[in-house]
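Step one of this worksheet: look at the structure below.
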Protein chains: 2
Amino acid sequence: MENIVPIEKKVLSENDRLADDIRARLREKRVLTLNLVSSPGSGKTSLLERTLQNLNHRLNLVLIAGDVQTENDALRLTKAGGRIVRPIITGGACHLDAKMVTKAMEGWDLTGVDVLFIENVGNLVCPSSYDLGEDMKVALISTTEGDDKPLKYPAMFRRSSVLVINKIDLLGLSDFQLARVKQHALQINPALTTFEVSCRTGEGLQAWYQWLIASVEQKKRTPFGS
Amino acid sequence: MENIVPIEKKVLSENDRLADDIRARLREKRVLTLNLVSSPGSGKTSLLERTLQNLNHRLNLVLIAGDVQTENDALRLTKAGGRIVRPIITGGACHLDAKMVTKAMEGWDLTGVDVLFIENVGNLVCPSSYDLGEDMKVALISTTEGDDKPLKYPAMFRRSSVLVINKIDLLGLSDFQLARVKQHALQINPALTTFEVSCRTGEGLQAWYQWLIASVEQKKRTPFGS
């Protein structure tokens, strides 16, 4: 739709400005910020539940949970031990934008926070275009979705730094091949850090926790202003 | 984003005009047209592969396969017996629109065609807003996606006429409850016709085939212009 392009550009540049403000605020407090993106049902909320249960005693974790409708995810995360969980209901919009995140962060004192997780709307296309001020996008894919997804939705995998392959307990029940999905993802983005996990059984999650802890430590060491 | 709304309205009304043109053209030839929508990896292509393999001898089926990138789905459908399969690569766009479908249908003689399947981009949000001139939207959900999806993405289920619940061979391997997903979906849209299938094992597909055949017969009986 050619006629929407100039407006879309304007919206994205306004979004980038707000995202830079968010990033500056988070950088000042040395908060590692991760924007979780995936199809609906890949396991973003399950990964965060597990992470809260296992790292809450060690790291100060806060969360923003976005959804088109319902606060179900925010409720699940609170139940899993999230001390600060702010919901965003987009009311139809297919992605979070920096304006929504700015509003959700209003009056938030981030002193002492180690990680801010932003759980995006379940959508493998649109959230890839919207910077929310995060350090990294963490993409999830589950083994029941088909190993061709990185090739079919390349922008999301190109703009993510981490790929978490979830539901490895269901491997062998479909044509999904771990080696193939990794090959496809790395072909799109050779710099991806990948994890293979099952949020149901817990398999593989230790590596994810260790990576998180190391990333927090690295963030704390980063000189302010860089 | 308030400033995008007037443009979005203009785009949607232009889309509706093109969709009405498509609908008139299909109605003249009594072609049942189904717009398949779901998350990535729910099984739209698998359902179409099975349908081709089982009904190709009985019905004249043609297909349009949309994807953000690659013609993989169109190739799979051709391999499964699709005699006419036209691909649409959206090149980043998160949904099909009526303009893309109009272009894909250029020079197409639809005489004698029973069903046109349009496989949309895998996305549970954006395709719900775009009429492609179809008779019905057919939404798919797989049992590995979580039974809360109808509540979280209500527009898609409200605007669909049919819900195909796929991957029932994987029931019991997660918390997904068939009764709960149906309850949630029917709460959003009490008029939904539902099917429970496994495109992998073939279970439940007979009911889908019979419904398709009956829907084609009904379409042929519909007086022209109604």
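Here, A, B, ... name the chains of the structure tokens in the order displayed, residue numbers run from 1 inside each chain, and ligands are numbered from 1 in the same displayed order.
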- Message: Could you tell me which residues of chain A sit within 7 Å of chain B when counting only C-alpha atoms, and give me the result as a PyMOL selection string?
- Response: chain A and resi 4+7+39-42+67-70+94+123+125-126+144-146+151-153
File of the preceding selection, all heavy atoms, as a compact mmCIF listing (two decimals), in the first residue's frame:
# COMPACT_ATOMS: atom_id res chain seq x y z
N ILE A 4 0.49 4.49 2.20
CA ILE A 4 0.66 4.48 3.65
C ILE A 4 2.13 4.69 4.03
O ILE A 4 2.44 5.02 5.16
CB ILE A 4 0.10 3.18 4.26
CG1 ILE A 4 -0.37 3.45 5.69
CG2 ILE A 4 1.12 2.05 4.24
CD1 ILE A 4 -1.06 2.26 6.32
N ILE A 7 3.44 7.98 5.96
CA ILE A 7 2.88 8.02 7.31
C ILE A 7 3.58 6.97 8.16
O ILE A 7 3.95 7.21 9.31
CB ILE A 7 1.36 7.72 7.29
CG1 ILE A 7 0.62 8.76 6.48
CG2 ILE A 7 0.81 7.65 8.71
CD1 ILE A 7 0.47 10.09 7.15
N SER A 39 5.65 -16.23 17.58
CA SER A 39 4.27 -16.54 17.22
C SER A 39 3.43 -16.66 18.49
O SER A 39 3.98 -16.87 19.58
CB SER A 39 4.19 -17.91 16.53
OG SER A 39 4.94 -17.95 15.36
N PRO A 40 2.10 -16.61 18.38
CA PRO A 40 1.28 -16.93 19.54
C PRO A 40 1.54 -18.38 19.97
O PRO A 40 1.63 -19.27 19.12
CB PRO A 40 -0.16 -16.79 19.01
CG PRO A 40 -0.06 -15.91 17.81
CD PRO A 40 1.28 -16.23 17.20
N GLY A 41 1.71 -18.58 21.27
CA GLY A 41 1.79 -19.96 21.77
C GLY A 41 3.15 -20.62 21.66
O GLY A 41 3.27 -21.82 21.87
N SER A 42 4.21 -19.86 21.37
CA SER A 42 5.55 -20.48 21.31
C SER A 42 6.14 -20.68 22.69
O SER A 42 7.09 -21.45 22.86
CB SER A 42 6.50 -19.60 20.49
OG SER A 42 6.03 -19.44 19.19
N ASP A 67 -0.47 -7.80 25.40
CA ASP A 67 -1.41 -8.70 24.73
C ASP A 67 -2.45 -7.87 23.99
O ASP A 67 -2.70 -6.72 24.32
CB ASP A 67 -2.11 -9.61 25.75
CG ASP A 67 -1.66 -11.06 25.59
OD1 ASP A 67 -1.59 -11.54 24.45
OD2 ASP A 67 -1.36 -11.70 26.61
N VAL A 68 -3.05 -8.48 22.96
CA VAL A 68 -4.11 -7.79 22.23
C VAL A 68 -5.31 -7.60 23.15
O VAL A 68 -5.91 -6.53 23.23
CB VAL A 68 -4.51 -8.59 20.96
CG1 VAL A 68 -5.71 -7.93 20.28
CG2 VAL A 68 -3.35 -8.66 19.98
N GLN A 69 -5.66 -8.65 23.85
CA GLN A 69 -6.75 -8.60 24.83
C GLN A 69 -6.37 -9.45 26.04
O GLN A 69 -5.57 -10.38 25.91
CB GLN A 69 -8.06 -9.15 24.25
CG GLN A 69 -8.82 -8.19 23.36
CD GLN A 69 -9.23 -6.91 24.05
OE1 GLN A 69 -9.33 -6.85 25.27
NE2 GLN A 69 -9.45 -5.87 23.27
N THR A 70 -6.98 -9.20 27.16
CA THR A 70 -6.83 -9.89 28.45
C THR A 70 -5.51 -9.54 29.16
O THR A 70 -4.51 -9.19 28.52
CB THR A 70 -6.90 -11.45 28.39
OG1 THR A 70 -5.64 -11.98 28.01
CG2 THR A 70 -8.00 -11.94 27.49
N CYS A 94 -1.28 -4.98 16.66
CA CYS A 94 -0.61 -6.26 16.43
C CYS A 94 0.80 -6.29 16.98
O CYS A 94 1.54 -7.23 16.72
CB CYS A 94 -0.59 -6.51 14.93
SG CYS A 94 0.03 -5.08 14.01
N ASN A 123 3.23 -12.52 17.50
CA ASN A 123 3.14 -12.13 16.09
C ASN A 123 4.56 -12.16 15.55
O ASN A 123 5.44 -11.47 16.06
CB ASN A 123 2.54 -10.72 16.01
CG ASN A 123 2.36 -10.23 14.58
OD1 ASN A 123 3.04 -10.67 13.66
ND2 ASN A 123 1.44 -9.30 14.39
N VAL A 125 5.58 -11.13 12.66
CA VAL A 125 5.86 -10.14 11.63
C VAL A 125 6.01 -8.73 12.23
O VAL A 125 7.12 -8.21 12.35
CB VAL A 125 4.77 -10.13 10.53
CG1 VAL A 125 5.20 -9.27 9.35
CG2 VAL A 125 4.45 -11.54 10.05
N CYS A 126 4.92 -8.13 12.64
CA CYS A 126 4.89 -6.70 12.95
C CYS A 126 5.84 -6.26 14.08
O CYS A 126 6.47 -5.20 13.97
CB CYS A 126 3.47 -6.27 13.26
SG CYS A 126 2.28 -6.93 12.06
N THR A 144 6.87 -27.32 17.39
CA THR A 144 5.63 -27.72 16.74
C THR A 144 5.23 -26.75 15.62
O THR A 144 4.21 -26.96 14.97
CB THR A 144 4.50 -27.79 17.78
OG1 THR A 144 4.52 -26.59 18.54
CG2 THR A 144 4.71 -28.96 18.71
N GLU A 145 6.03 -25.73 15.40
CA GLU A 145 5.67 -24.70 14.40
C GLU A 145 6.23 -24.95 13.01
O GLU A 145 5.90 -24.23 12.08
CB GLU A 145 6.18 -23.33 14.85
CG GLU A 145 5.39 -22.71 15.97
CD GLU A 145 6.10 -21.49 16.55
OE1 GLU A 145 6.43 -20.58 15.78
OE2 GLU A 145 6.33 -21.46 17.76
N GLY A 146 7.16 -25.90 12.88
CA GLY A 146 7.77 -26.13 11.56
C GLY A 146 9.12 -25.44 11.49
O GLY A 146 9.27 -24.31 11.94
N LEU A 151 13.01 -18.84 7.44
CA LEU A 151 13.07 -18.43 6.03
C LEU A 151 11.82 -17.67 5.62
O LEU A 151 11.88 -16.77 4.77
CB LEU A 151 13.21 -19.68 5.13
CG LEU A 151 14.47 -20.52 5.36
CD1 LEU A 151 14.47 -21.70 4.39
CD2 LEU A 151 15.73 -19.68 5.18
N LYS A 152 10.68 -18.02 6.23
CA LYS A 152 9.42 -17.41 5.84
C LYS A 152 9.17 -16.07 6.53
O LYS A 152 8.37 -15.27 6.04
CB LYS A 152 8.26 -18.38 6.10
CG LYS A 152 8.32 -19.60 5.17
CD LYS A 152 7.35 -20.68 5.59
CE LYS A 152 5.94 -20.33 5.21
NZ LYS A 152 5.02 -21.43 5.56
N TYR A 153 9.78 -15.88 7.68
CA TYR A 153 9.61 -14.63 8.44
C TYR A 153 10.99 -14.08 8.79
O TYR A 153 11.34 -13.95 9.97
CB TYR A 153 8.78 -14.89 9.71
CG TYR A 153 7.43 -15.52 9.44
CD1 TYR A 153 7.29 -16.90 9.29
CD2 TYR A 153 6.31 -14.72 9.27
CE1 TYR A 153 6.06 -17.47 9.00
CE2 TYR A 153 5.07 -15.28 8.99
CZ TYR A 153 4.96 -16.66 8.85
OH TYR A 153 3.75 -17.20 8.56
- Skipping near chain neighbours, those fewer than 5 positions away, what residues fall within 10 Å of Val62 in chain A using only C-alpha atoms, listed as a ChimeraX atom specification? /A:31,33,52,56,82-86,110,113-118
- Can you check which residues of chain A DSSP gives as strand (DSSP E) on the backbone and send them as a PyMOL selection string? chain A and resi 32-37+61-67+84-89+115-119+136-142+162-166+193-196
Mind writing the picked residues with N, CA, C and O atoms as a compact mmCIF listing (two decimals), in the first residue's frame?
# COMPACT_ATOMS: atom_id res chain seq x y z
N LEU A 32 19.33 -4.47 32.06
CA LEU A 32 19.32 -5.28 30.83
C LEU A 32 17.87 -5.43 30.37
O LEU A 32 17.01 -5.87 31.14
N THR A 33 17.59 -5.06 29.12
CA THR A 33 16.20 -5.06 28.66
C THR A 33 16.04 -5.97 27.45
O THR A 33 16.73 -5.81 26.44
N LEU A 34 15.14 -6.94 27.60
CA LEU A 34 14.94 -7.95 26.56
C LEU A 34 13.50 -7.91 26.07
O LEU A 34 12.56 -7.94 26.85
N ASN A 35 13.35 -7.84 24.76
CA ASN A 35 12.05 -7.77 24.10
C ASN A 35 11.76 -9.17 23.54
O ASN A 35 12.41 -9.61 22.59
N LEU A 36 10.81 -9.88 24.13
CA LEU A 36 10.52 -11.27 23.73
C LEU A 36 9.48 -11.30 22.62
O LEU A 36 8.36 -10.81 22.80
N VAL A 37 9.84 -11.92 21.52
CA VAL A 37 8.97 -11.95 20.33
C VAL A 37 8.83 -13.38 19.82
O VAL A 37 9.77 -14.17 19.88
N LEU A 61 14.08 -8.89 38.86
CA LEU A 61 13.45 -8.98 37.54
C LEU A 61 12.13 -8.22 37.54
O LEU A 61 11.31 -8.41 38.45
N VAL A 62 11.91 -7.40 36.52
CA VAL A 62 10.60 -6.74 36.36
C VAL A 62 10.10 -7.01 34.94
O VAL A 62 10.90 -7.34 34.05
N LEU A 63 8.78 -6.91 34.79
CA LEU A 63 8.20 -7.36 33.51
C LEU A 63 7.11 -6.42 33.00
O LEU A 63 6.35 -5.85 33.79
N ILE A 64 7.03 -6.35 31.68
CA ILE A 64 5.88 -5.73 31.01
C ILE A 64 5.31 -6.81 30.10
O ILE A 64 6.04 -7.43 29.33
N ALA A 65 4.00 -7.07 30.24
CA ALA A 65 3.38 -8.17 29.47
C ALA A 65 2.34 -7.59 28.53
O ALA A 65 1.31 -7.06 28.97
N GLY A 66 2.60 -7.67 27.23
CA GLY A 66 1.67 -7.12 26.24
C GLY A 66 0.78 -8.19 25.65
O GLY A 66 1.18 -9.33 25.45
N ASP A 67 -0.47 -7.80 25.40
CA ASP A 67 -1.41 -8.70 24.73
C ASP A 67 -2.45 -7.87 23.99
O ASP A 67 -2.70 -6.72 24.32
N ILE A 84 6.97 -7.13 40.14
CA ILE A 84 6.44 -5.99 39.39
C ILE A 84 6.15 -6.45 37.96
O ILE A 84 7.06 -6.82 37.21
N VAL A 85 4.88 -6.50 37.62
CA VAL A 85 4.44 -6.94 36.29
C VAL A 85 3.43 -5.91 35.80
O VAL A 85 2.36 -5.76 36.39
N ARG A 86 3.76 -5.19 34.77
CA ARG A 86 2.81 -4.20 34.24
C ARG A 86 2.22 -4.69 32.92
O ARG A 86 2.96 -5.02 31.99
N PRO A 87 0.89 -4.78 32.84
CA PRO A 87 0.27 -5.25 31.60
C PRO A 87 0.09 -4.12 30.58
O PRO A 87 -0.07 -2.97 30.96
N ILE A 88 0.16 -4.47 29.33
CA ILE A 88 -0.29 -3.57 28.25
C ILE A 88 -1.32 -4.34 27.44
O ILE A 88 -1.03 -5.44 26.96
N ILE A 89 -2.52 -3.78 27.31
CA ILE A 89 -3.51 -4.36 26.40
C ILE A 89 -3.55 -3.45 25.18
O ILE A 89 -3.88 -2.27 25.28
N VAL A 115 16.94 -6.87 35.32
CA VAL A 115 16.41 -7.19 33.98
C VAL A 115 14.97 -6.70 33.84
O VAL A 115 14.14 -6.92 34.73
N LEU A 116 14.70 -6.03 32.73
CA LEU A 116 13.32 -5.74 32.34
C LEU A 116 13.00 -6.63 31.14
O LEU A 116 13.65 -6.55 30.10
N PHE A 117 12.01 -7.52 31.35
CA PHE A 117 11.51 -8.34 30.23
C PHE A 117 10.27 -7.65 29.65
O PHE A 117 9.35 -7.31 30.40
N ILE A 118 10.25 -7.49 28.35
CA ILE A 118 9.04 -6.99 27.70
C ILE A 118 8.49 -8.12 26.83
O ILE A 118 9.13 -8.54 25.86
N GLU A 119 7.34 -8.65 27.21
CA GLU A 119 6.73 -9.73 26.43
C GLU A 119 5.83 -9.09 25.38
O GLU A 119 4.81 -8.50 25.70
N MET A 136 18.19 -6.11 23.41
CA MET A 136 18.13 -7.21 22.44
C MET A 136 16.70 -7.71 22.27
O MET A 136 15.93 -7.69 23.24
N LYS A 137 16.40 -8.19 21.09
CA LYS A 137 15.19 -8.97 20.88
C LYS A 137 15.55 -10.44 21.10
O LYS A 137 16.56 -10.92 20.60
N VAL A 138 14.71 -11.15 21.85
CA VAL A 138 14.86 -12.59 22.04
C VAL A 138 13.69 -13.26 21.31
O VAL A 138 12.54 -13.09 21.71
N ALA A 139 13.98 -13.96 20.22
CA ALA A 139 12.92 -14.64 19.46
C ALA A 139 12.75 -16.05 19.98
O ALA A 139 13.73 -16.73 20.30
N LEU A 140 11.50 -16.50 20.07
CA LEU A 140 11.23 -17.89 20.42
C LEU A 140 10.60 -18.58 19.22
O LEU A 140 9.85 -17.97 18.46
N ILE A 141 10.89 -19.86 19.09
CA ILE A 141 10.19 -20.68 18.12
C ILE A 141 9.98 -22.03 18.79
O ILE A 141 10.82 -22.46 19.58
N SER A 142 8.83 -22.65 18.55
CA SER A 142 8.62 -23.95 19.18
C SER A 142 8.69 -25.05 18.14
O SER A 142 8.46 -24.81 16.95
N VAL A 162 18.98 -13.31 20.02
CA VAL A 162 18.90 -14.62 20.67
C VAL A 162 17.73 -15.39 20.07
O VAL A 162 16.68 -14.81 19.76
N LEU A 163 17.92 -16.69 19.91
CA LEU A 163 16.82 -17.57 19.48
C LEU A 163 16.66 -18.68 20.50
O LEU A 163 17.61 -19.45 20.74
N VAL A 164 15.49 -18.75 21.11
CA VAL A 164 15.19 -19.84 22.05
C VAL A 164 14.26 -20.82 21.33
O VAL A 164 13.15 -20.45 20.93
N ILE A 165 14.75 -22.04 21.14
CA ILE A 165 13.93 -23.07 20.51
C ILE A 165 13.25 -23.85 21.63
O ILE A 165 13.91 -24.55 22.40
N ASN A 166 11.94 -23.72 21.75
CA ASN A 166 11.19 -24.27 22.87
C ASN A 166 10.45 -25.56 22.46
O ASN A 166 10.33 -25.86 21.29
N THR A 193 22.58 -16.11 19.08
CA THR A 193 22.89 -17.05 20.17
C THR A 193 21.66 -17.95 20.32
O THR A 193 20.54 -17.45 20.44
N THR A 194 21.85 -19.26 20.30
CA THR A 194 20.67 -20.14 20.33
C THR A 194 20.64 -21.01 21.59
O THR A 194 21.67 -21.40 22.12
N PHE A 195 19.43 -21.27 22.06
CA PHE A 195 19.19 -22.18 23.18
C PHE A 195 18.13 -23.19 22.76
O PHE A 195 17.20 -22.85 22.03
N GLU A 196 18.27 -24.41 23.26
CA GLU A 196 17.26 -25.45 22.97
C GLU A 196 16.69 -25.85 24.32
O GLU A 196 17.41 -26.38 25.17
- Message: Run DSSP on the backbone and tell me which residues of range 13-220 of chain A come out as alpha helix (DSSP H); list them as a VMD selection string.
- Response: chain A and resid 13 to 28 44 to 55 72 to 79 98 to 104 149 to 152 154 to 158 178 to 188 205 to 220
Please write the residues from the selection above to a file, keeping C-alpha atoms, as a PDB file, in the first residue's frame.
ATOM      1  CA  SER A  13      10.694   7.670  13.312  1.00  0.00           C
ATOM      2  CA  GLU A  14       8.492   8.958  16.161  1.00  0.00           C
ATOM      3  CA  ASN A  15       8.700   5.449  17.639  1.00  0.00           C
ATOM      4  CA  ASP A  16      12.505   5.462  17.341  1.00  0.00           C
ATOM      5  CA  ARG A  17      12.701   8.787  19.176  1.00  0.00           C
ATOM      6  CA  LEU A  18      10.618   7.437  22.076  1.00  0.00           C
ATOM      7  CA  ALA A  19      12.615   4.179  22.061  1.00  0.00           C
ATOM      8  CA  ASP A  20      15.845   6.153  22.386  1.00  0.00           C
ATOM      9  CA  ASP A  21      14.383   7.937  25.433  1.00  0.00           C
ATOM     10  CA  ILE A  22      13.486   4.576  27.005  1.00  0.00           C
ATOM     11  CA  ARG A  23      16.952   3.216  26.205  1.00  0.00           C
ATOM     12  CA  ALA A  24      18.665   6.214  27.815  1.00  0.00           C
ATOM     13  CA  ARG A  25      16.573   5.797  30.968  1.00  0.00           C
ATOM     14  CA  LEU A  26      17.353   2.063  31.189  1.00  0.00           C
ATOM     15  CA  ARG A  27      21.024   2.567  30.425  1.00  0.00           C
ATOM     16  CA  GLU A  28      21.371   5.073  33.254  1.00  0.00           C
ATOM     17  CA  LYS A  44       7.100 -16.568  25.883  1.00  0.00           C
ATOM     18  CA  THR A  45       5.040 -16.562  29.094  1.00  0.00           C
ATOM     19  CA  SER A  46       6.190 -20.076  30.029  1.00  0.00           C
ATOM     20  CA  LEU A  47       9.847 -19.091  29.598  1.00  0.00           C
ATOM     21  CA  LEU A  48       9.305 -16.056  31.823  1.00  0.00           C
ATOM     22  CA  GLU A  49       7.455 -18.148  34.447  1.00  0.00           C
ATOM     23  CA  ARG A  50      10.386 -20.565  34.616  1.00  0.00           C
ATOM     24  CA  THR A  51      12.893 -17.717  34.705  1.00  0.00           C
ATOM     25  CA  LEU A  52      11.064 -16.034  37.598  1.00  0.00           C
ATOM     26  CA  GLN A  53      10.843 -19.291  39.538  1.00  0.00           C
ATOM     27  CA  ASN A  54      14.559 -19.957  39.113  1.00  0.00           C
ATOM     28  CA  LEU A  55      16.232 -16.544  39.174  1.00  0.00           C
ATOM     29  CA  ASN A  72      -3.945 -13.304  31.488  1.00  0.00           C
ATOM     30  CA  ASP A  73      -0.191 -13.304  30.884  1.00  0.00           C
ATOM     31  CA  ALA A  74       0.424 -10.579  33.474  1.00  0.00           C
ATOM     32  CA  LEU A  75      -1.629 -12.597  35.986  1.00  0.00           C
ATOM     33  CA  ARG A  76       0.349 -15.772  35.195  1.00  0.00           C
ATOM     34  CA  LEU A  77       3.634 -13.917  35.692  1.00  0.00           C
ATOM     35  CA  THR A  78       2.511 -12.405  38.991  1.00  0.00           C
ATOM     36  CA  LYS A  79       1.473 -15.864  40.147  1.00  0.00           C
ATOM     37  CA  ALA A  98       7.555   2.628  22.311  1.00  0.00           C
ATOM     38  CA  LYS A  99       4.648   4.903  23.248  1.00  0.00           C
ATOM     39  CA  MET A 100       2.821   2.040  24.982  1.00  0.00           C
ATOM     40  CA  VAL A 101       5.997   1.015  26.797  1.00  0.00           C
ATOM     41  CA  THR A 102       6.697   4.617  27.868  1.00  0.00           C
ATOM     42  CA  LYS A 103       3.198   4.777  29.346  1.00  0.00           C
ATOM     43  CA  ALA A 104       3.590   1.408  31.103  1.00  0.00           C
ATOM     44  CA  LYS A 149       9.777 -20.343   9.866  1.00  0.00           C
ATOM     45  CA  PRO A 150      13.095 -18.405   9.849  1.00  0.00           C
ATOM     46  CA  LEU A 151      13.072 -18.435   6.028  1.00  0.00           C
ATOM     47  CA  LYS A 152       9.417 -17.407   5.838  1.00  0.00           C
ATOM     48  CA  PRO A 154      13.217 -13.476   8.036  1.00  0.00           C
ATOM     49  CA  ALA A 155      12.985  -9.936   9.477  1.00  0.00           C
ATOM     50  CA  MET A 156      12.250 -11.180  12.980  1.00  0.00           C
ATOM     51  CA  PHE A 157      15.251 -13.509  13.020  1.00  0.00           C
ATOM     52  CA  ARG A 158      17.522 -10.908  11.417  1.00  0.00           C
ATOM     53  CA  LEU A 178      16.542 -29.037  15.167  1.00  0.00           C
ATOM     54  CA  ALA A 179      19.545 -28.960  12.842  1.00  0.00           C
ATOM     55  CA  ARG A 180      17.417 -27.560  10.012  1.00  0.00           C
ATOM     56  CA  VAL A 181      15.781 -24.749  12.009  1.00  0.00           C
ATOM     57  CA  LYS A 182      19.205 -23.688  13.325  1.00  0.00           C
ATOM     58  CA  GLN A 183      20.689 -23.810   9.851  1.00  0.00           C
ATOM     59  CA  HIS A 184      17.818 -21.657   8.503  1.00  0.00           C
ATOM     60  CA  ALA A 185      18.035 -19.186  11.390  1.00  0.00           C
ATOM     61  CA  LEU A 186      21.823 -18.838  11.188  1.00  0.00           C
ATOM     62  CA  GLN A 187      21.605 -18.420   7.435  1.00  0.00           C
ATOM     63  CA  ILE A 188      19.388 -15.342   8.092  1.00  0.00           C
ATOM     64  CA  LEU A 205      17.025 -23.984  30.731  1.00  0.00           C
ATOM     65  CA  GLN A 206      20.229 -23.897  32.822  1.00  0.00           C
ATOM     66  CA  ALA A 207      22.141 -22.548  29.816  1.00  0.00           C
ATOM     67  CA  TRP A 208      19.533 -19.791  29.390  1.00  0.00           C
ATOM     68  CA  TYR A 209      19.746 -18.833  33.087  1.00  0.00           C
ATOM     69  CA  GLN A 210      23.554 -18.744  32.936  1.00  0.00           C
ATOM     70  CA  TRP A 211      23.463 -16.596  29.829  1.00  0.00           C
ATOM     71  CA  LEU A 212      21.045 -14.191  31.544  1.00  0.00           C
ATOM     72  CA  ILE A 213      23.240 -13.896  34.636  1.00  0.00           C
ATOM     73  CA  ALA A 214      26.340 -13.322  32.497  1.00  0.00           C
ATOM     74  CA  SER A 215      24.501 -10.720  30.396  1.00  0.00           C
ATOM     75  CA  VAL A 216      23.401  -8.857  33.545  1.00  0.00           C
ATOM     76  CA  GLU A 217      26.989  -8.853  34.821  1.00  0.00           C
ATOM     77  CA  GLN A 218      28.233  -7.559  31.486  1.00  0.00           C
ATOM     78  CA  LYS A 219      25.564  -4.817  31.519  1.00  0.00           C
ATOM     79  CA  LYS A 220      26.640  -3.680  35.005  1.00  0.00           C
TER      80      LYS A 220
END
- Message: Just want the 9 Å neighbourhood of Gly112 in chain B, counted on only C-alpha atoms, with same-chain residues fewer than 6 positions away dropped. Output as number ranges by chain.
- Response: B: 29-31, 60
